[in-house]
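Containing compact mmCIF, C-alpha atoms and all ligand atoms: start_11.txt.
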```txt
# COMPACT_ATOMS: atom_id res chain seq x y z
CA MET A 27 -10.20 15.88 -16.85
CA LEU A 28 -8.13 13.25 -15.14
CA LEU A 29 -5.24 15.66 -14.82
CA ASN A 30 -7.05 18.03 -12.50
CA MET A 31 -8.33 15.23 -10.33
CA ARG A 32 -4.80 13.92 -9.95
CA HIS A 33 -3.78 17.08 -8.18
CA ILE A 34 -6.90 17.49 -6.12
CA ILE A 35 -7.37 13.97 -4.81
CA PRO A 36 -4.04 13.59 -2.93
CA VAL A 37 -4.78 16.81 -1.02
CA LEU A 38 -8.22 15.51 -0.09
CA VAL A 39 -6.76 12.19 0.96
CA LEU A 40 -4.25 13.82 3.28
CA ALA A 41 -6.88 16.07 4.83
CA LEU A 42 -9.20 13.13 5.51
CA PHE A 43 -6.33 11.10 6.80
CA ALA A 44 -5.27 13.77 9.27
CA ALA A 45 -8.79 13.64 10.68
CA ALA A 46 -8.69 9.85 10.89
CA CYS A 47 -5.30 9.81 12.67
CA THR A 48 -6.38 11.68 15.76
CA LYS A 49 -8.85 8.89 16.50
CA GLN A 50 -6.41 6.09 15.61
CA ASP A 51 -3.55 7.18 17.84
CA SER A 52 -5.24 6.16 21.07
CA ALA A 53 -5.78 2.58 19.78
CA PRO A 54 -3.13 0.06 20.95
CA HIS A 55 -0.86 -1.39 18.26
CA PRO A 56 0.08 -4.96 19.15
CA PRO A 57 3.45 -5.96 17.67
CA PRO A 58 2.78 -7.85 14.41
CA ARG A 59 3.73 -11.54 14.25
CA GLN A 60 4.06 -11.34 10.48
CA LEU A 61 5.46 -8.43 8.54
CA THR A 62 2.73 -6.42 6.85
CA VAL A 63 3.60 -5.41 3.32
CA VAL A 64 1.56 -3.18 1.00
CA THR A 65 2.43 -3.06 -2.69
CA THR A 66 1.06 -0.87 -5.46
CA LEU A 67 1.09 -2.97 -8.65
CA PHE A 68 0.50 -6.67 -9.24
CA PRO A 69 4.09 -7.78 -10.03
CA LEU A 70 5.28 -6.35 -6.70
CA TYR A 71 2.44 -8.06 -4.89
CA ASP A 72 3.24 -11.37 -6.52
CA PHE A 73 6.99 -11.09 -5.86
CA ALA A 74 6.46 -10.02 -2.23
CA ARG A 75 4.10 -12.90 -1.43
CA THR A 76 6.51 -15.38 -3.03
CA VAL A 77 9.59 -14.05 -1.22
CA GLY A 78 7.74 -13.52 2.07
CA GLY A 79 5.89 -16.83 2.08
CA GLU A 80 3.93 -17.51 5.26
CA ARG A 81 6.04 -15.08 7.29
CA VAL A 82 4.60 -12.01 5.56
CA ARG A 83 1.10 -10.63 4.96
CA VAL A 84 0.99 -8.87 1.59
CA SER A 85 -1.79 -6.75 0.18
CA LEU A 86 -2.28 -5.14 -3.20
CA LEU A 87 -3.12 -1.45 -3.01
CA LEU A 88 -4.81 -1.38 -6.41
CA PRO A 89 -8.11 -3.20 -6.27
CA PRO A 90 -8.10 -6.04 -8.83
CA GLY A 91 -9.32 -4.88 -12.24
CA VAL A 92 -8.44 -1.21 -11.69
CA GLU A 93 -6.37 0.55 -14.36
CA ALA A 94 -2.94 1.35 -12.90
CA HIS A 95 -1.91 4.61 -14.55
CA SER A 96 -4.97 6.57 -13.46
CA PHE A 97 -5.05 5.08 -9.95
CA GLN A 98 -4.94 7.45 -6.99
CA PRO A 99 -4.95 6.28 -3.37
CA ARG A 100 -8.02 6.86 -1.23
CA PRO A 101 -8.36 7.60 2.50
CA ASP A 102 -8.71 3.94 3.52
CA ASP A 103 -5.50 3.22 1.59
CA ALA A 104 -3.76 5.68 3.90
CA LEU A 105 -5.00 3.67 6.87
CA ARG A 106 -3.64 0.46 5.36
CA ILE A 107 -0.24 2.05 4.88
CA ARG A 108 -0.35 3.40 8.41
CA ALA A 109 -0.49 -0.18 9.69
CA ALA A 110 2.18 -1.53 7.31
CA ASP A 111 5.85 -2.30 7.93
CA VAL A 112 6.89 -2.13 4.28
CA PHE A 113 5.46 -0.21 1.32
CA VAL A 114 6.71 -1.23 -2.13
CA TYR A 115 6.10 0.91 -5.22
CA THR A 116 7.27 0.38 -8.79
CA ASN A 117 9.16 3.60 -9.49
CA GLN A 118 8.69 7.36 -9.49
CA TYR A 119 7.42 7.37 -13.09
CA MET A 120 4.73 4.74 -12.49
CA GLU A 121 3.46 6.10 -9.16
CA PRO A 122 4.54 9.75 -8.90
CA TRP A 123 2.29 10.05 -5.82
CA ALA A 124 3.90 7.17 -3.92
CA ILE A 125 6.70 8.74 -1.87
CA LYS A 126 4.73 11.73 -0.64
CA PHE A 127 1.68 9.62 0.06
CA ALA A 128 3.55 6.90 1.96
CA ARG A 129 5.58 9.42 3.98
CA SER A 130 2.49 11.26 5.15
CA ALA A 131 0.33 8.17 5.65
CA GLY A 132 2.95 5.75 7.02
CA GLY A 133 4.01 5.31 10.60
CA ASN A 134 7.58 5.87 11.81
CA GLN A 135 8.35 2.20 11.26
CA LEU A 136 7.36 2.20 7.59
CA LEU A 137 10.09 1.16 5.16
CA LEU A 138 9.63 2.63 1.67
CA VAL A 139 10.92 0.47 -1.16
CA ASP A 140 11.56 1.84 -4.64
CA SER A 141 11.58 -1.44 -6.55
CA GLY A 142 13.14 0.30 -9.56
CA ALA A 143 16.32 1.29 -7.69
CA GLY A 144 19.26 -0.03 -9.72
CA VAL A 145 17.26 -0.50 -12.94
CA THR A 146 18.31 1.24 -16.15
CA PHE A 147 15.28 3.11 -17.43
CA LEU A 148 14.33 3.50 -21.07
CA ARG A 149 12.71 6.58 -22.54
CA GLY A 150 8.95 6.41 -22.88
CA GLY A 151 7.94 5.22 -26.33
CA ARG A 152 5.80 7.21 -28.64
CA PRO A 153 2.80 5.96 -30.55
CA GLU A 154 3.21 5.00 -34.18
CA GLN A 155 3.74 8.19 -36.28
CA HIS A 156 2.71 10.36 -33.40
CA ASP A 157 1.92 14.04 -33.78
CA GLU A 158 2.62 16.68 -31.16
CA HIS A 159 0.34 15.10 -28.55
CA ASP A 160 2.48 13.04 -26.26
CA GLY A 161 0.37 11.67 -23.45
CA HIS A 162 -1.03 14.94 -22.14
CA GLY A 163 2.35 16.41 -21.35
CA HIS A 164 3.71 13.59 -19.18
CA GLY A 165 4.56 11.14 -21.95
CA ALA A 166 7.98 12.58 -22.63
CA GLY A 167 9.59 11.05 -19.54
CA MET A 168 10.86 7.61 -18.72
CA ASP A 169 9.03 4.38 -19.43
CA PRO A 170 7.73 3.00 -16.09
CA HIS A 171 7.06 -0.59 -17.32
CA ILE A 172 10.35 -1.98 -16.01
CA TRP A 173 8.90 -5.32 -14.85
CA LEU A 174 8.41 -6.44 -18.45
CA ASP A 175 12.17 -6.92 -18.76
CA PHE A 176 12.78 -10.04 -16.67
CA ALA A 177 16.30 -8.95 -15.74
CA ASN A 178 14.69 -5.90 -14.13
CA ALA A 179 12.12 -8.16 -12.49
CA GLN A 180 15.01 -10.00 -10.82
CA ILE A 181 16.37 -6.71 -9.45
CA MET A 182 12.89 -5.93 -8.11
CA VAL A 183 12.72 -9.31 -6.36
CA ARG A 184 16.08 -8.64 -4.68
CA SER A 185 14.93 -5.17 -3.55
CA ILE A 186 11.92 -6.77 -1.89
CA GLU A 187 14.07 -9.47 -0.30
CA ALA A 188 16.45 -6.83 1.11
CA ALA A 189 13.53 -4.89 2.61
CA LEU A 190 12.02 -7.96 4.28
CA ALA A 191 15.41 -8.98 5.65
CA ALA A 192 16.02 -5.47 7.00
CA LYS A 193 12.68 -5.48 8.81
CA ASP A 194 12.90 -9.09 9.98
CA PRO A 195 16.59 -10.14 10.13
CA ALA A 196 15.77 -13.33 12.03
CA ASN A 197 14.14 -14.72 8.87
CA SER A 198 16.62 -13.35 6.34
CA ALA A 199 17.86 -16.80 5.23
CA TYR A 200 14.26 -17.85 4.54
CA TYR A 201 13.62 -14.73 2.43
CA ALA A 202 16.92 -15.21 0.58
CA ALA A 203 16.08 -18.81 -0.33
CA ASN A 204 12.61 -17.83 -1.62
CA ALA A 205 14.04 -14.91 -3.59
CA THR A 206 16.69 -17.10 -5.18
CA ALA A 207 14.08 -19.66 -6.23
CA LEU A 208 11.97 -16.91 -7.82
CA VAL A 209 14.97 -15.33 -9.55
CA ASP A 210 15.82 -18.77 -10.98
CA ARG A 211 12.30 -19.07 -12.39
CA LEU A 212 12.55 -15.58 -13.91
CA LYS A 213 15.86 -16.56 -15.50
CA ALA A 214 14.24 -19.68 -16.96
CA LEU A 215 11.32 -17.59 -18.26
CA ASP A 216 13.75 -15.15 -19.85
CA LEU A 217 15.53 -18.05 -21.55
CA ARG A 218 12.25 -19.42 -22.92
CA PHE A 219 11.40 -15.97 -24.34
CA THR A 220 14.86 -15.71 -25.91
CA GLU A 221 14.64 -19.16 -27.49
CA THR A 222 11.06 -18.92 -28.72
CA LEU A 223 11.37 -15.39 -30.07
CA SER A 224 14.60 -16.15 -31.94
CA SER A 225 12.85 -18.16 -34.64
CA CYS A 226 9.89 -16.06 -35.76
CA ARG A 227 8.66 -15.08 -39.18
CA HIS A 228 8.00 -11.51 -37.98
CA ARG A 229 10.15 -9.28 -35.77
CA THR A 230 7.52 -6.55 -35.37
CA PHE A 231 4.53 -6.58 -33.06
CA LEU A 232 1.78 -3.99 -33.01
CA HIS A 233 -0.34 -3.17 -30.03
CA GLY A 234 -3.71 -1.44 -29.89
CA GLY A 235 -3.05 -0.23 -26.34
CA HIS A 236 -0.59 2.14 -24.68
CA TYR A 237 3.20 1.86 -24.97
CA ALA A 238 3.85 -0.81 -22.32
CA PHE A 239 6.15 -3.34 -24.02
CA GLY A 240 9.22 -1.26 -24.87
CA TYR A 241 11.38 -3.15 -22.35
CA LEU A 242 10.23 -6.54 -23.60
CA ALA A 243 10.77 -5.60 -27.24
CA ARG A 244 14.26 -4.35 -26.54
CA ARG A 245 15.31 -7.37 -24.55
CA TYR A 246 14.39 -9.78 -27.35
CA GLY A 247 15.39 -7.62 -30.30
CA LEU A 248 11.83 -7.01 -31.51
CA THR A 249 10.30 -3.88 -33.03
CA TYR A 250 7.23 -2.61 -31.26
CA ALA A 251 4.66 0.04 -32.05
CA SER A 252 1.57 1.00 -30.07
CA ALA A 253 -1.57 3.03 -30.67
CA ALA A 254 -1.14 5.25 -27.61
CA ALA A 255 1.74 6.70 -25.62
CA VAL A 256 3.28 5.42 -22.41
CA ASN A 257 0.32 6.41 -20.21
CA ALA A 258 -2.85 4.37 -20.52
CA ASP A 259 -5.15 7.40 -20.45
CA ALA A 260 -3.73 8.83 -23.70
CA GLU A 261 -6.16 8.37 -26.59
CA PRO A 262 -4.72 7.37 -29.96
CA THR A 263 -5.10 9.90 -32.76
CA PRO A 264 -6.68 9.06 -36.15
CA SER A 265 -3.29 9.49 -37.85
CA THR A 266 -1.80 6.88 -35.51
CA LEU A 267 -4.53 4.41 -36.41
CA VAL A 268 -3.99 5.02 -40.11
CA ALA A 269 -0.25 4.46 -39.61
CA LEU A 270 -0.88 1.17 -37.78
CA VAL A 271 -3.20 -0.08 -40.51
CA LYS A 272 -0.50 0.70 -43.08
CA ARG A 273 2.10 -1.05 -40.98
CA VAL A 274 -0.02 -4.23 -40.73
CA LYS A 275 -0.34 -4.35 -44.51
CA MET A 276 3.29 -3.44 -45.20
CA GLU A 277 4.67 -6.09 -42.84
CA GLY A 278 2.08 -8.71 -43.80
CA LEU A 279 1.14 -9.24 -40.13
CA LYS A 280 -1.63 -11.66 -39.22
CA TYR A 281 -2.26 -10.49 -35.65
CA ILE A 282 -2.46 -7.35 -33.54
CA PHE A 283 -2.24 -7.36 -29.74
CA SER A 284 -4.65 -5.83 -27.26
CA GLU A 285 -4.00 -5.03 -23.62
CA GLU A 286 -5.61 -6.26 -20.43
CA LEU A 287 -8.23 -4.40 -18.41
CA LEU A 288 -8.89 -1.84 -21.12
CA SER A 289 -11.26 -2.07 -24.04
CA PRO A 290 -9.84 -3.92 -27.06
CA ARG A 291 -11.79 -1.45 -29.25
CA ILE A 292 -8.72 0.01 -31.00
CA SER A 293 -7.17 -3.40 -31.74
CA GLU A 294 -10.50 -4.71 -33.00
CA MET A 295 -10.95 -1.68 -35.24
CA ILE A 296 -7.53 -2.21 -36.84
CA ALA A 297 -8.12 -5.97 -37.10
CA ARG A 298 -11.45 -5.44 -38.87
CA GLU A 299 -9.94 -2.91 -41.23
CA THR A 300 -7.10 -5.24 -42.22
CA GLY A 301 -8.77 -8.66 -41.85
CA ILE A 302 -6.37 -9.90 -39.15
CA SER A 303 -6.97 -11.30 -35.63
CA VAL A 304 -6.51 -9.94 -32.10
CA LEU A 305 -4.43 -11.60 -29.37
CA MET A 306 -4.04 -10.48 -25.76
CA LEU A 307 -0.71 -9.26 -24.43
CA HIS A 308 -0.91 -8.81 -20.67
CA GLY A 309 1.08 -5.89 -19.25
CA ALA A 310 0.54 -7.25 -15.70
CA HIS A 311 0.16 -3.79 -14.16
CA ASN A 312 -2.85 -5.20 -12.40
CA ILE A 313 -4.85 -8.39 -12.54
CA SER A 314 -8.50 -9.16 -13.18
CA THR A 315 -10.69 -10.12 -10.23
CA GLU A 316 -11.02 -13.59 -11.75
CA ASP A 317 -7.23 -14.10 -11.99
CA PHE A 318 -6.74 -12.61 -8.54
CA THR A 319 -9.20 -15.04 -6.97
CA ARG A 320 -7.61 -17.93 -8.81
CA GLY A 321 -4.16 -16.96 -7.49
CA THR A 322 -2.64 -16.43 -10.95
CA THR A 323 1.04 -15.52 -10.83
CA PHE A 324 3.20 -13.07 -12.79
CA LEU A 325 5.03 -16.05 -14.33
CA GLU A 326 1.72 -17.51 -15.54
CA LEU A 327 0.67 -14.21 -17.13
CA MET A 328 4.03 -14.00 -18.90
CA SER A 329 3.76 -17.60 -20.11
CA ARG A 330 0.40 -16.72 -21.69
CA ASN A 331 2.09 -13.72 -23.32
CA LEU A 332 4.85 -15.89 -24.73
CA GLU A 333 2.32 -18.30 -26.22
CA ASN A 334 0.44 -15.40 -27.84
CA LEU A 335 3.65 -13.82 -29.12
CA ARG A 336 4.63 -17.19 -30.59
CA ILE A 337 1.33 -17.34 -32.46
CA GLY A 338 1.29 -13.65 -33.37
CA LEU A 339 4.85 -13.48 -34.68
CA GLN A 340 4.61 -16.94 -36.22
CA CYS A 341 7.53 -18.48 -34.33
CA SER A 342 8.30 -22.19 -34.37
CA GLU A 343 6.84 -24.29 -31.54
CA GLN A 344 9.88 -25.29 -29.46
CA SER A 345 9.85 -24.46 -25.78
CA SER A 346 7.03 -21.97 -25.37
CA GLN A 347 4.49 -24.60 -24.29
CA GLN A 348 6.49 -25.65 -21.23
CA ARG A 349 5.93 -24.14 -17.83
ZN ZN A 401 1.18 1.03 -18.57
```

Will you turn the file into structure tokens for me?
Ligand SMILES: [Zn+2]
Amino acid sequence: MLLNMRHIIPVLVLALFAAACTKQDSAPHPPPRQLTVVTTLFPLYDFARTVGGERVRVSLLLPPGVEAHSFQPRPDDALRIRAADVFVYTNQYMEPWAIKFARSAGGNQLLLVDSGAGVTFLRGGRPEQHDEHDGHGHGAGMDPHIWLDFANAQIMVRSIEAALAAKDPANSAYYAANATALVDRLKALDLRFTETLSSCRHRTFLHGGHYAFGYLARRYGLTYASAAAVNADAEPTPSTLVALVKRVKMEGLKYIFSEELLSPRISEMIARETGISVLMLHGAHNISTEDFTRGTTFLELMSRNLENLRIGLQCSEQSSQQR
């Protein structure tokens, strides 16, 4: 059902937008004091506000709490992009609608930033013992969750820095200093993950959600299996659930992970069946309204993940408690 809507909604959006434009064009556009940046997903929003500091106004296209894979822009999103200087999206696999949408909605001045440029993509993972269903026909492509490898996250930060500097060269040294500070924190985070995850009883983690942590697993040499494919709207099959239950027992795992913003129903079902516990692993696609209001950062979400991975994989204490 979602599939059909995906094709219909962008057409509707463009039609409505065309109507809105004719009215807008007569309105004066005062030159902005700050750069206006619109980003799709939460990590981009968080990176852009950190790099841009007080010289940039950043907004998150996805309303807090909204599931990212099924998101489609609406007419008022087109108006926001119309007024923006920079539009940052994750990559063509995460937001296949982004380029076309931003080109038709954006003004002549709009700079489109593919934050995934320069990143090496991994193939989209498949659910545990999957059958022929592979995410409704679009699961066979590349894995869009590049931000969960913190080396990729550093590339994304630099892409954003380059875009801000291109649009506002007078402040390029300021953006460069902020970007370097953020990259340093991402490097430190990466090191904490490496150290903590090197001394664990288990090397496998199971996830009751969609296949979002392939990049993270690969970076730290872990084995990862999920209930559903790389798109969050793919429902796990009964055979997948049976396979995950078997895997929990075979590996002697004590925890299964659930994802943010979606029901932990699958994880809870497996946990009940096997007598284990559920821990949250935050994919950071988007953020809850509560975390958004509180100003929670990507680094904070990842620190929570590391603490839960440490518990779930039974790693020794060492550095995971530090910020
Ligand atoms: Zn995802």

Would you mind listing the residues within 6 Å of ligand ZN 401 (chain A), counting all atoms listed in the file, as a PyMOL selection string?
chain A and resi 238+257-258

List the spatial neighbours of region 174-186 of chain A as a VMD selection string - criterion: any atom at most 6 Å away, only C-alpha atoms, same-chain residues fewer than 6 positions off excluded.
chain A and resid 141 209 241 to 242

Which residues are close to region 196-206 of chain A, i.e. within 10 Å by only C-alpha atoms, leaving aside same-chain residues fewer than 2 positions away? Reply as an MDAnalysis selection string.
chainID A and resid 73:79 81:82 180 183:194 208:212

Enter the distance from CA of Val274 (chain A) to CA of Ser225 (chain A), in Å, rounded to one decimal.
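Distance between the two atoms: 19.9 Å.
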
Separation of CA of Gly132 (chain A) and CA of Ile107 (chain A), in Å?
5.3 Å

Which residue, A:Ala253, A:Leu138, A:Leu105, A:Ala310, has the smallest gap to Arg291 (chain A) when you use all atoms listed in the file?
A:Ala253

Could you name the residues that touch Pro290 (chain A) at 9 Å or less, counting only C-alpha atoms, but leaving out those on the same chain fewer than 4 positions away, as a PyMOL selection string?
chain A and resi 234-235+283-286+294-295+304+306

What does the distance from CA of Ala110 (chain A) to CA of Phe97 (chain A) come to in Å, to one decimal?
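Spanning CA of Ala110 (chain A) to CA of Phe97 (chain A) is a straight-line distance of 19.8 Å.
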
In terms of the shortest atom-to-atom distance over all atoms listed in the file, which of A:Leu86, A:Leu61, A:Thr146, A:Pro122 is closest to Ala109 (chain A)?
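Going through A:Leu86, A:Leu61, A:Thr146, A:Pro122 one by one, the smallest distance to Ala109 (chain A) is for A:Leu61.
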